[in-house]
Every structure is written in structure tokens, then in C-alpha cells.
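Peer 1: What follows is start_37.tsv, made up of TSV, C-alpha atoms:
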```tsv
chain	number	residue	atom	x	y	z
N	1	GLU	CA	43.11	-41.93	53.22
N	2	ASN	CA	39.41	-41.09	53.36
N	3	LEU	CA	40.14	-37.92	55.32
N	4	GLU	CA	42.80	-36.93	52.81
N	5	GLY	CA	40.45	-37.52	49.88
N	6	ARG	CA	37.74	-35.43	51.53
N	7	ALA	CA	40.23	-32.65	52.20
N	8	LEU	CA	41.30	-32.63	48.57
N	9	HIS	CA	37.68	-32.61	47.54
N	10	LEU	CA	37.03	-29.49	49.63
N	11	LEU	CA	39.99	-27.56	48.19
N	12	PRO	CA	38.92	-24.58	46.02
N	13	VAL	CA	39.04	-25.27	42.30
N	14	SER	CA	39.05	-22.90	39.37
N	15	ARG	CA	35.91	-22.38	37.30
N	16	GLY	CA	37.58	-24.01	34.29
N	17	ALA	CA	38.58	-27.12	36.32
N	18	TRP	CA	35.05	-27.34	37.72
N	19	CYS	CA	33.69	-27.08	34.19
N	20	ASN	CA	35.99	-29.86	32.91
N	21	ARG	CA	35.13	-32.08	35.90
N	22	ARG	CA	31.41	-31.59	35.22
N	23	GLN	CA	31.88	-32.28	31.52
N	24	ARG	CA	33.63	-35.58	32.32
N	25	ARG	CA	30.86	-36.50	34.73
N	26	THR	CA	28.05	-35.66	32.28
N	27	GLY	CA	29.82	-37.13	29.28
N	28	ARG	CA	30.06	-33.80	27.39
N	29	MET	CA	33.29	-33.19	25.53
N	30	PRO	CA	35.00	-29.77	25.72
N	31	ALA	CA	34.29	-27.48	22.77
N	32	THR	CA	36.95	-27.31	20.07
N	33	MET	CA	38.47	-24.03	18.94
N	34	CYS	CA	36.61	-24.19	15.66
N	35	CYS	CA	33.25	-23.98	17.42
N	36	SER	CA	34.05	-22.64	20.89
N	37	TYR	CA	31.89	-20.00	22.45
N	38	LYS	CA	34.62	-17.36	22.37
N	39	VAL	CA	35.57	-17.99	18.74
N	40	SER	CA	31.90	-18.06	17.70
N	41	ARG	CA	31.22	-14.77	19.46
N	42	ARG	CA	34.15	-13.07	17.77
N	43	GLY	CA	33.22	-14.64	14.45
N	44	LEU	CA	29.64	-13.40	14.75
N	45	LEU	CA	30.83	-9.85	15.48
N	46	LEU	CA	33.07	-9.94	12.39
N	47	MET	CA	30.35	-11.42	10.16
N	48	THR	CA	27.74	-8.89	11.30
N	49	MET	CA	30.15	-6.05	10.48
N	50	LEU	CA	30.65	-7.52	7.00
N	51	THR	CA	26.90	-7.96	6.48
N	52	PHE	CA	26.45	-4.35	7.56
N	53	LEU	CA	28.89	-3.38	4.78
N	54	PHE	CA	27.08	-5.58	2.28
N	55	ALA	CA	23.76	-3.98	3.28
N	56	VAL	CA	25.15	-0.63	2.14
N	57	ILE	CA	26.43	-2.27	-1.07
N	58	PHE	CA	23.00	-3.84	-1.70
N	59	ILE	CA	21.28	-0.48	-1.44
N	60	ALA	CA	23.89	1.21	-3.67
N	61	VAL	CA	23.92	-1.48	-6.39
N	62	GLY	CA	20.13	-1.80	-6.35
N	63	SER	CA	19.72	1.97	-6.65
N	64	VAL	CA	22.15	2.21	-9.59
N	65	SER	CA	20.52	-0.73	-11.41
N	66	ALA	CA	17.02	0.63	-10.79
N	67	ARG	CA	18.06	4.04	-12.05
N	68	PHE	CA	19.62	2.49	-15.17
N	69	GLY	CA	16.48	0.48	-15.87
N	70	SER	CA	14.24	3.49	-15.25
N	71	SER	CA	16.32	5.52	-17.72
N	72	PHE	CA	15.65	2.87	-20.37
N	73	VAL	CA	11.91	3.09	-19.72
N	74	SER	CA	12.02	6.89	-19.93
N	75	GLU	CA	13.96	6.87	-23.21
N	76	ALA	CA	11.60	4.25	-24.67
N	77	ASN	CA	8.58	6.37	-23.73
N	78	VAL	CA	10.14	9.45	-25.33
N	79	TYR	CA	10.81	7.44	-28.51
N	80	CYS	CA	7.21	6.21	-28.58
N	81	GLN	CA	5.82	9.70	-28.08
N	82	GLU	CA	7.88	10.99	-31.00
N	83	MET	CA	6.91	8.11	-33.27
N	84	CYS	CA	3.22	8.28	-32.39
N	85	LEU	CA	3.14	11.93	-33.44
N	86	LEU	CA	3.70	10.78	-37.00
N	87	GLU	CA	0.35	10.60	-38.72
N	88	ASP	CA	-1.33	7.22	-39.26
N	89	MET	CA	1.26	5.30	-37.27
N	90	HIS	CA	-0.98	4.49	-34.34
N	91	ASP	CA	-1.13	0.79	-35.20
N	92	ASP	CA	2.33	0.34	-36.66
N	93	VAL	CA	4.82	1.57	-34.08
N	94	VAL	CA	6.80	-1.46	-32.88
N	95	GLY	CA	7.17	-1.60	-29.11
N	96	CYS	CA	4.78	1.32	-28.50
N	97	ASN	CA	1.17	1.86	-27.55
N	98	CYS	CA	-0.10	5.04	-29.13
N	99	GLU	CA	-3.55	4.66	-27.56
N	100	TRP	CA	-2.24	5.64	-24.16
N	101	ASN	CA	-2.25	9.24	-23.06
N	102	PRO	CA	0.58	10.04	-23.27
N	103	PRO	CA	1.85	7.26	-25.55
N	104	GLY	CA	4.42	4.91	-24.02
N	105	THR	CA	6.37	1.75	-24.59
N	106	SER	CA	4.55	-1.57	-24.64
N	107	LEU	CA	7.76	-3.51	-24.04
N	108	PRO	CA	7.74	-5.41	-20.71
N	109	THR	CA	10.02	-3.53	-18.33
N	110	ILE	CA	8.99	-4.37	-14.77
N	111	PHE	CA	10.74	-7.75	-14.88
N	112	PHE	CA	14.23	-6.22	-15.00
N	113	LEU	CA	13.36	-3.51	-12.47
N	114	SER	CA	12.00	-5.97	-9.88
N	115	PRO	CA	15.37	-7.51	-8.82
N	116	ALA	CA	16.86	-4.04	-8.35
N	117	ILE	CA	13.95	-2.85	-6.21
N	118	GLY	CA	14.00	-6.10	-4.28
N	119	MET	CA	17.72	-5.75	-3.58
N	120	ILE	CA	17.15	-2.29	-2.11
N	121	VAL	CA	14.52	-3.74	0.25
N	122	VAL	CA	16.85	-6.61	1.20
N	123	GLY	CA	19.65	-4.11	1.85
N	124	ILE	CA	17.50	-2.08	4.24
N	125	PHE	CA	16.35	-5.23	6.06
N	126	THR	CA	19.94	-6.56	6.23
N	127	PHE	CA	21.08	-3.22	7.68
N	128	PHE	CA	18.83	-3.55	10.73
N	129	THR	CA	19.38	-7.31	10.99
N	130	SER	CA	23.16	-6.83	11.25
N	131	ILE	CA	22.65	-4.31	14.08
N	132	LEU	CA	20.49	-6.84	15.93
N	133	GLY	CA	23.15	-9.53	15.48
N	134	CYS	CA	25.87	-7.22	16.75
N	135	LEU	CA	23.87	-6.42	19.89
N	136	GLY	CA	23.12	-10.10	20.43
N	137	ALA	CA	26.80	-11.03	20.21
N	138	ILE	CA	27.86	-8.23	22.57
N	139	ARG	CA	25.12	-8.63	25.21
N	140	GLU	CA	24.80	-12.42	24.79
N	141	ARG	CA	21.01	-12.31	25.07
N	142	ASN	CA	19.24	-15.42	23.82
N	143	LEU	CA	16.17	-13.43	22.81
N	144	MET	CA	18.23	-11.12	20.59
N	145	LEU	CA	20.12	-14.06	19.10
N	146	SER	CA	16.88	-15.93	18.37
N	147	GLY	CA	15.43	-12.86	16.66
N	148	TYR	CA	18.65	-12.41	14.70
N	149	ILE	CA	18.65	-16.03	13.51
N	150	CYS	CA	15.04	-15.80	12.31
N	151	ALA	CA	15.61	-12.44	10.60
N	152	LEU	CA	18.82	-13.64	8.95
N	153	LEU	CA	17.10	-16.75	7.61
N	154	LEU	CA	14.48	-14.53	5.99
N	155	VAL	CA	17.23	-12.30	4.54
N	156	ILE	CA	19.03	-15.31	3.06
N	157	ILE	CA	15.83	-16.64	1.45
N	158	LEU	CA	14.89	-13.25	-0.04
N	159	GLN	CA	18.44	-12.52	-1.13
N	160	PHE	CA	18.81	-15.89	-2.86
N	161	SER	CA	15.46	-15.43	-4.62
N	162	PHE	CA	16.33	-11.98	-5.95
N	163	GLY	CA	19.82	-13.19	-6.90
N	164	VAL	CA	18.36	-16.01	-8.98
N	165	ALA	CA	15.86	-13.61	-10.58
N	166	ALA	CA	18.66	-11.18	-11.44
N	167	ALA	CA	20.77	-14.00	-12.89
N	168	THR	CA	17.94	-15.17	-15.15
N	169	VAL	CA	17.43	-11.60	-16.34
N	170	ALA	CA	21.15	-11.07	-16.96
N	171	THR	CA	21.46	-14.24	-19.05
N	172	GLY	CA	18.27	-13.60	-20.99
N	173	ASN	CA	16.62	-16.80	-19.70
N	174	SER	CA	13.75	-15.05	-17.97
N	175	ALA	CA	10.29	-16.01	-19.20
N	176	GLN	CA	9.56	-12.32	-19.79
N	177	VAL	CA	12.63	-12.05	-22.05
N	178	GLN	CA	11.97	-15.21	-24.02
N	179	GLY	CA	8.27	-14.43	-24.36
N	180	PRO	CA	6.89	-10.88	-24.51
N	181	LEU	CA	10.11	-8.90	-25.05
N	182	ASN	CA	11.67	-11.04	-27.76
N	183	GLY	CA	8.24	-11.75	-29.21
N	184	VAL	CA	7.64	-8.04	-29.90
N	185	LEU	CA	11.02	-7.43	-31.51
N	186	LYS	CA	11.75	-10.75	-33.23
N	187	LYS	CA	9.66	-10.24	-36.36
N	188	ASN	CA	9.87	-6.46	-36.47
N	189	TYR	CA	13.38	-5.66	-35.26
N	190	LYS	CA	14.02	-3.65	-38.43
N	191	LEU	CA	11.05	-1.41	-37.67
N	192	PHE	CA	12.39	-0.41	-34.26
N	193	ASP	CA	14.99	2.34	-34.15
N	194	TRP	CA	17.72	0.86	-31.96
N	195	GLN	CA	19.81	4.01	-32.29
N	196	SER	CA	17.26	5.90	-30.23
N	197	MET	CA	18.56	3.77	-27.32
N	198	GLU	CA	22.23	4.18	-28.18
N	199	ILE	CA	23.24	4.79	-24.56
N	200	PHE	CA	22.00	1.28	-23.69
N	201	PHE	CA	23.15	-0.74	-26.72
N	202	PRO	CA	26.54	-1.25	-28.44
N	203	GLU	CA	27.14	0.41	-31.81
N	204	ALA	CA	26.71	-2.92	-33.60
N	205	CYS	CA	23.06	-2.90	-32.55
N	206	TYR	CA	22.35	-0.04	-34.97
N	207	ALA	CA	24.99	-0.63	-37.65
N	208	GLY	CA	22.37	-1.17	-40.34
N	209	SER	CA	19.82	1.37	-41.54
N	210	LYS	CA	16.87	1.56	-43.86
N	211	THR	CA	14.52	4.39	-44.76
N	212	GLU	CA	10.80	3.64	-44.71
N	213	GLN	CA	7.81	5.72	-45.68
N	214	VAL	CA	5.64	6.65	-42.72
N	215	GLY	CA	2.39	8.44	-42.11
N	216	ASP	CA	0.17	9.63	-44.94
N	217	PRO	CA	1.61	8.55	-48.32
N	218	ALA	CA	0.46	11.85	-49.80
N	219	LEU	CA	2.80	13.70	-47.46
N	220	ASN	CA	5.75	11.53	-48.56
N	221	GLU	CA	7.24	11.45	-45.05
N	222	THR	CA	10.07	9.06	-44.32
N	223	TYR	CA	11.89	7.78	-41.27
N	224	THR	CA	15.28	6.03	-41.09
N	225	TYR	CA	15.37	3.01	-38.81
N	226	HIS	CA	18.67	1.71	-37.42
N	227	PHE	CA	18.95	-1.97	-36.51
N	228	PRO	CA	21.42	-4.88	-36.13
N	229	LEU	CA	22.89	-6.38	-39.30
N	230	CYS	CA	22.12	-9.96	-38.22
N	231	ARG	CA	18.72	-11.53	-37.72
N	232	PHE	CA	17.17	-11.27	-34.29
N	233	ASP	CA	17.70	-14.96	-33.44
N	234	GLY	CA	21.38	-15.06	-34.49
N	235	GLY	CA	21.19	-16.01	-38.15
N	236	CYS	CA	22.53	-13.76	-40.88
N	237	VAL	CA	20.75	-11.95	-43.70
N	238	TYR	CA	22.39	-13.22	-46.92
N	239	ASN	CA	21.61	-11.73	-50.33
N	240	ASP	CA	18.63	-9.79	-49.03
N	241	PRO	CA	16.51	-9.00	-52.12
N	242	GLU	CA	15.08	-5.89	-50.47
N	243	ALA	CA	18.56	-4.41	-49.98
N	244	VAL	CA	20.03	-5.08	-53.44
N	245	GLY	CA	22.03	-2.09	-54.67
N	246	THR	CA	22.30	-0.47	-51.24
N	247	PRO	CA	25.19	-0.36	-48.73
N	248	LEU	CA	23.02	-2.47	-46.42
N	249	TYR	CA	23.27	-5.40	-48.86
N	250	ASP	CA	27.07	-5.61	-48.57
N	251	LEU	CA	27.08	-5.02	-44.80
N	252	GLN	CA	24.61	-7.82	-44.17
N	253	ASN	CA	26.56	-10.26	-46.35
N	254	MET	CA	29.77	-9.28	-44.55
N	255	CYS	CA	28.21	-10.43	-41.28
N	256	CYS	CA	27.57	-13.94	-42.59
N	257	ASP	CA	30.01	-16.74	-41.84
N	258	SER	CA	30.34	-19.98	-43.84
N	259	ASP	CA	27.45	-21.56	-41.90
N	260	ARG	CA	25.15	-18.60	-42.56
N	261	ASN	CA	25.31	-17.56	-38.93
N	262	CYS	CA	26.09	-14.13	-37.56
N	263	ALA	CA	29.87	-13.67	-37.78
N	264	SER	CA	31.26	-13.96	-34.26
N	265	ASN	CA	34.69	-12.58	-35.23
N	266	ASN	CA	33.36	-9.09	-35.90
N	267	LYS	CA	31.39	-8.06	-32.83
N	268	ALA	CA	32.11	-4.40	-33.54
N	269	GLN	CA	29.65	-4.50	-36.45
N	270	CYS	CA	27.83	-7.83	-36.37
N	271	MET	CA	25.35	-8.60	-33.60
N	272	SER	CA	21.90	-10.11	-33.47
N	273	GLY	CA	18.93	-8.39	-31.89
N	274	GLU	CA	18.83	-11.01	-29.14
N	275	GLN	CA	22.48	-10.36	-28.29
N	276	CYS	CA	21.72	-6.66	-28.07
N	277	VAL	CA	18.86	-7.28	-25.64
N	278	VAL	CA	21.01	-9.58	-23.49
N	279	SER	CA	23.87	-7.04	-23.43
N	280	PHE	CA	21.50	-4.49	-21.93
N	281	LEU	CA	19.94	-6.92	-19.46
N	282	ALA	CA	23.38	-8.08	-18.29
N	283	ARG	CA	24.22	-4.52	-17.26
N	284	VAL	CA	21.01	-4.41	-15.22
N	285	GLY	CA	20.99	-7.87	-13.62
N	286	ALA	CA	24.60	-9.08	-13.38
N	287	PRO	CA	25.78	-6.70	-10.60
N	288	ILE	CA	22.78	-7.63	-8.45
N	289	ALA	CA	23.36	-11.38	-8.92
N	290	VAL	CA	27.07	-11.09	-8.08
N	291	VAL	CA	26.68	-9.19	-4.80
N	292	ALA	CA	23.68	-11.31	-3.77
N	293	PHE	CA	25.54	-14.61	-4.08
N	294	LEU	CA	28.82	-13.30	-2.62
N	295	ALA	CA	27.10	-12.11	0.56
N	296	LEU	CA	25.42	-15.49	1.09
N	297	ILE	CA	28.74	-17.01	2.23
N	298	ILE	CA	29.15	-14.38	4.95
N	299	GLU	CA	25.52	-14.58	6.06
N	300	ILE	CA	25.56	-18.37	6.34
N	301	SER	CA	28.74	-18.14	8.43
N	302	ALA	CA	27.06	-15.58	10.68
N	303	LEU	CA	24.06	-17.89	11.01
N	304	VAL	CA	26.28	-20.79	12.12
N	305	PHE	CA	28.10	-18.66	14.70
N	306	ALA	CA	24.82	-17.30	16.05
N	307	CYS	CA	23.40	-20.82	16.42
N	308	ILE	CA	26.51	-21.99	18.30
N	309	ILE	CA	26.23	-19.09	20.72
N	310	ARG	CA	22.47	-19.58	21.12
N	311	VAL	CA	22.70	-23.28	22.01
N	312	GLY	CA	25.99	-22.97	23.91
N	313	THR	CA	25.79	-24.19	27.52
N	314	ALA	CA	26.95	-22.27	30.58
N	315	ASP	CA	29.75	-24.80	30.97
N	316	ARG	CA	31.08	-23.94	27.54
N	317	LYS	CA	31.00	-20.21	28.33
N	318	TYR	CA	32.82	-20.63	31.61
N	319	GLY	CA	35.34	-23.05	30.16
N	320	ASP	CA	36.26	-20.62	27.35
N	321	ARG	CA	36.54	-17.63	29.68
N	322	ALA	CA	38.58	-19.29	32.42
```
Just give me the structure of the file as C-alpha cells.
Peer 2:
Amino acid sequence: ENLEGRALHLLPVSRGAWCNRRQRRTGRMPATMCCSYKVSRRGLLLMTMLTFLFAVIFIAVGSVSARFGSSFVSEANVYCQEMCLLEDMHDDVVGCNCEWNPPGTSLPTIFFLSPAIGMIVVGIFTFFTSILGCLGAIRERNLMLSGYICALLLVIILQFSFGVAAATVATGNSAQVQGPLNGVLKKNYKLFDWQSMEIFFPEACYAGSKTEQVGDPALNETYTYHFPLCRFDGGCVYNDPEAVGTPLYDLQNMCCDSDRNCASNNKAQCMSGEQCVVSFLARVGAPIAVVAFLALIIEISALVFACIIRVGTADRKYGDRA
């Protein structure tokens, strides 16, 4: 019996059987299909291809949002230059600084451009990171996989940060929106010509109008401002004594509901200044927030697959390939 056992012991065994025998001896259980080396390798290849696609999307969405925000800044500067040319308006132009050469907008703008610029940077970094992950999955080099895991962690952190920043901008909850931007327009929204930015705001944002005297009174120059019919903070303007006898009087009263709030059932004509600002910011920040958070699912999956491959033992490799 001893000779027979030794003979059986010396018989050639397959690599998979040797792997299973060693796993039983060492107490290690075979890998399941959900986290096997082969499945993880294929999963990593698929996830890196998807992150490569999202890298292109990041760059495209960030570029479009940055261009849209830059157009707003350019239009605001043009408006300020035109208004500052009017005599004696150097201290009275809302949202402008006429002391600059050339004059430009004093409204805070960098806060809604930052997420777009950041997303472009993340897209470029993700592009090269996905290539590194693809090479690591194909060549199965621990050094490449380690570098990929570290780079992907950095991408996830940056992407989440810019996604949160874009979301706060899109919802109007950013400190820059609640403070400097709304602070400039809140008390003087009727002295800012919203129609000059008509490509960025809905028609309801300049449904009201009022003509004011500007410049030197002796020259009798006037300018017609266009503004929302509701107050900046969402209340309505009811029985405005300054608008008695004008079409503006009836339009403002029409936008009042029974609680003296801005009528929500007539968005085509009735909007507050704050709603107008948020509608613009949503077009800048919402696309960035959506793509940033969607891609996180894929990147976290890629990170898990890469970690499984990185810490996978030789036994697991051989057992999956046998």
C-alpha cells in the first residue's frame, strides 16, 4: 500500500489540480467567479475602455461649459463698456467697474468657470490614467497596476470635488452666488439691463421695463432697463407706487399670487431675479455634475478590479487559467 501511495503521488498532475491541492494545504479557498483573476482582468479592461470614453466626454463637456461661461463674461464686459460711456455714470452702473481700463463687469465670474476648467484637467489626466490601466491589465505588471491604482484614486478625489463644486453652482448654493453675486443684484436688479444678456436668460427675466434718466441731466439722456417682474428674492411687487399709470404696474400685479409671492403658474412672464441667475448657472454647472458623478461608478469598479489583480496570488492565476 505504501508503494502504491508513493506511485500515485509521483503521477503527473495538472497545474489546476496542483493549485487546488496547495490551496487545501494552506487553507486558502479557491477564488469565486465574482472576484476571480480572469474575471477581474476582463472587467478592468472593460472599465478602462469606459473611463477612456468618459475622459473624452469630460474634456468635451468642460470645454462647452467653459466656453458658455466665457461668453457670459464677454457679453457682460461689452455691456459695461457701453454703459460706462454714458456721462456721469461711473459710480452708478450696477455690476460694472468703470474705473478699469477698459471697463468690465464686477460680477464674480471665476466661481462658475472653475468647475469647467477643472473638468478639462481631470479629463486629460483620466485619458492617460485609462491607458496605464489598460497596459497594466494586458501585461499584468504589478508596477503598472500600482501606478494605475494611485492615479485613479487621485482622479476620483479630484472628480468628486469638481462634481460637488459644479452641483453647488448649478443649484445656486455656492457661497459666491449667495454672497457677492446676489448681493450686487438684489437691491439694484431694476438698474441692470437683463435683456443685454438675453442669450443667457429666459424671456421672463426681462419682461418688465422702465426708462431712467442717465448721465448729465442737462442732456436729458435716458436709458430703458429691462428686468424681472418679481422681486429678486421671490416676492412680488404689488401696487408699486412708482409704476402707477404704466403698463409695468399691471404686469407686476399680475405676477402676484394670493400670498404675495411670485406667481409660479406663469413662468413665461413671472420670474424672480434669483431664479434667473440659477437658470443660467444650471446650464453651466449641471452637465459637469452629471458626468462627474456618473463616471464615479465605473472608476470605482475599475479600482476594485485593479486591486484584485494586484493582490492576486500566483495560485489564483494558475487556477483560473488551467
Peer 1: Name all residues at most 7 Å from Ile120 in chain N (count all atoms listed in the file; drop same-chain ones fewer than 6 positions away) and give them as a list of chain:residue names.
Peer 2: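 So the residues in contact are N:Phe58, N:Ile59, N:Gly62, N:Ser63.
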Peer 1: Could you list as a PyMOL selection string every residue that has an atom within 10 Å of (23.8, -2.6, 3.5), using the file's coordinates and counting all atoms listed in the file?
Peer 2: chain N and resi 50-61+119-130
Peer 1: At what distance in Å, to one decimal, does CA of Trp194 in chain N lie from CA of Ser279 in chain N?
Peer 2: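 Going from CA of Ser279 in chain N over to CA of Trp194 in chain N, I get 13.2 Å.
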Peer 1: Can you tell me how far CA of Cys230 in chain N sits from CA of Ser272 in chain N, in Å to one decimal?
Peer 2: 4.8 Å
Peer 1: With distances taken over all atoms listed in the file, which residue among N:Cys236, N:Ser114, N:Val278, N:Glu299 lies nearest Ser258 in chain N?
Peer 2: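 Ranking N:Cys236, N:Ser114, N:Val278, N:Glu299 by distance to Ser258 in chain N, first place goes to N:Cys236.
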Peer 1: How many Å separate CA of Tyr79 in chain N from CA of Trp100 in chain N?
Peer 2: 13.9 Å
Peer 1: Can you work out which one of N:Gly136, N:Leu158, N:Ala268, N:Cys256 has the shortest atom-to-atom distance to Pro202 in chain N, counting only C-alpha atoms?
Peer 2: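 Of N:Gly136, N:Leu158, N:Ala268, N:Cys256, the one nearest Pro202 in chain N is N:Ala268, counting only C-alpha atoms.
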Peer 1: Of the candidates N:Val277, N:Gly43, N:Thr109, N:Met197, which one gets nearest to Asn173 in chain N if we count all atoms listed in the file?
Peer 2: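 Of N:Val277, N:Gly43, N:Thr109, N:Met197, the one nearest Asn173 in chain N is N:Val277, counting all atoms listed in the file.
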Peer 1: Find the residue from N:Ile199, N:Val291, N:Leu86, N:Ala306 that sits nearest to Asn142 in chain N; use all atoms listed in the file when measuring.
Peer 2: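 Among the listed residues, N:Ala306 lies closest to Asn142 in chain N.
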Peer 1: My list of candidates is N:Val304, N:Ile309, N:Ala207, N:Met144. Which is closest to Gln252 in chain N when distances are computed with only C-alpha atoms?
Peer 2: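 For Gln252 in chain N, the nearest of the candidates is N:Ala207.
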Peer 1: Would you be able to write out as a PDB file with C-alpha atoms, in the frame of the given file which residues have an atom within 8 Å of (26.8, -2.3, -35.5) in the file's coordinates, counting only C-alpha atoms?
Peer 2:
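The resulting file, result03.pdb, is reproduced below:
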```pdb
ATOM      1  CA  PRO N 202      26.540  -1.250 -28.440  1.00  0.00           C
ATOM      2  CA  GLU N 203      27.140   0.410 -31.810  1.00  0.00           C
ATOM      3  CA  ALA N 204      26.710  -2.920 -33.600  1.00  0.00           C
ATOM      4  CA  CYS N 205      23.060  -2.900 -32.550  1.00  0.00           C
ATOM      5  CA  TYR N 206      22.350  -0.040 -34.970  1.00  0.00           C
ATOM      6  CA  ALA N 207      24.990  -0.630 -37.650  1.00  0.00           C
ATOM      7  CA  GLY N 208      22.370  -1.170 -40.340  1.00  0.00           C
ATOM      8  CA  PHE N 227      18.950  -1.970 -36.510  1.00  0.00           C
ATOM      9  CA  PRO N 228      21.420  -4.880 -36.130  1.00  0.00           C
ATOM     10  CA  LEU N 229      22.890  -6.380 -39.300  1.00  0.00           C
ATOM     11  CA  LYS N 267      31.390  -8.060 -32.830  1.00  0.00           C
ATOM     12  CA  ALA N 268      32.110  -4.400 -33.540  1.00  0.00           C
ATOM     13  CA  GLN N 269      29.650  -4.500 -36.450  1.00  0.00           C
ATOM     14  CA  CYS N 270      27.830  -7.830 -36.370  1.00  0.00           C
ATOM     15  CA  MET N 271      25.350  -8.600 -33.600  1.00  0.00           C
TER      16      MET N 271
END
```
Peer 1: Which is closest to Lys187 in chain N among N:Tyr225, N:Phe232, N:Phe111, N:Tyr148, if we use all atoms listed in the file?
Peer 2: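 Among the listed residues, the smallest separation from Lys187 in chain N belongs to N:Phe232.
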Peer 1: How big is the axis-aligned box around all listed atoms of range 258-270 of chain N once 8 Å goes on each side, and where's its centre, in Å to one decimal, as lines of an AutoDock Vina configuration file?
Peer 2:
```
center_x = 29.9
center_y = -13.0
center_z = -38.3
size_x = 25.5
size_y = 33.2
size_z = 27.0
```
Peer 1: With only C-alpha atoms as the counted atoms, please give the residues lying no more than 10 Å from Val164 in chain N, apart from itself and same-chain residues fewer than 6 positions off, as a ChimeraX atom specification.
Peer 2: /N:115,158,170,285,288-289,292-293
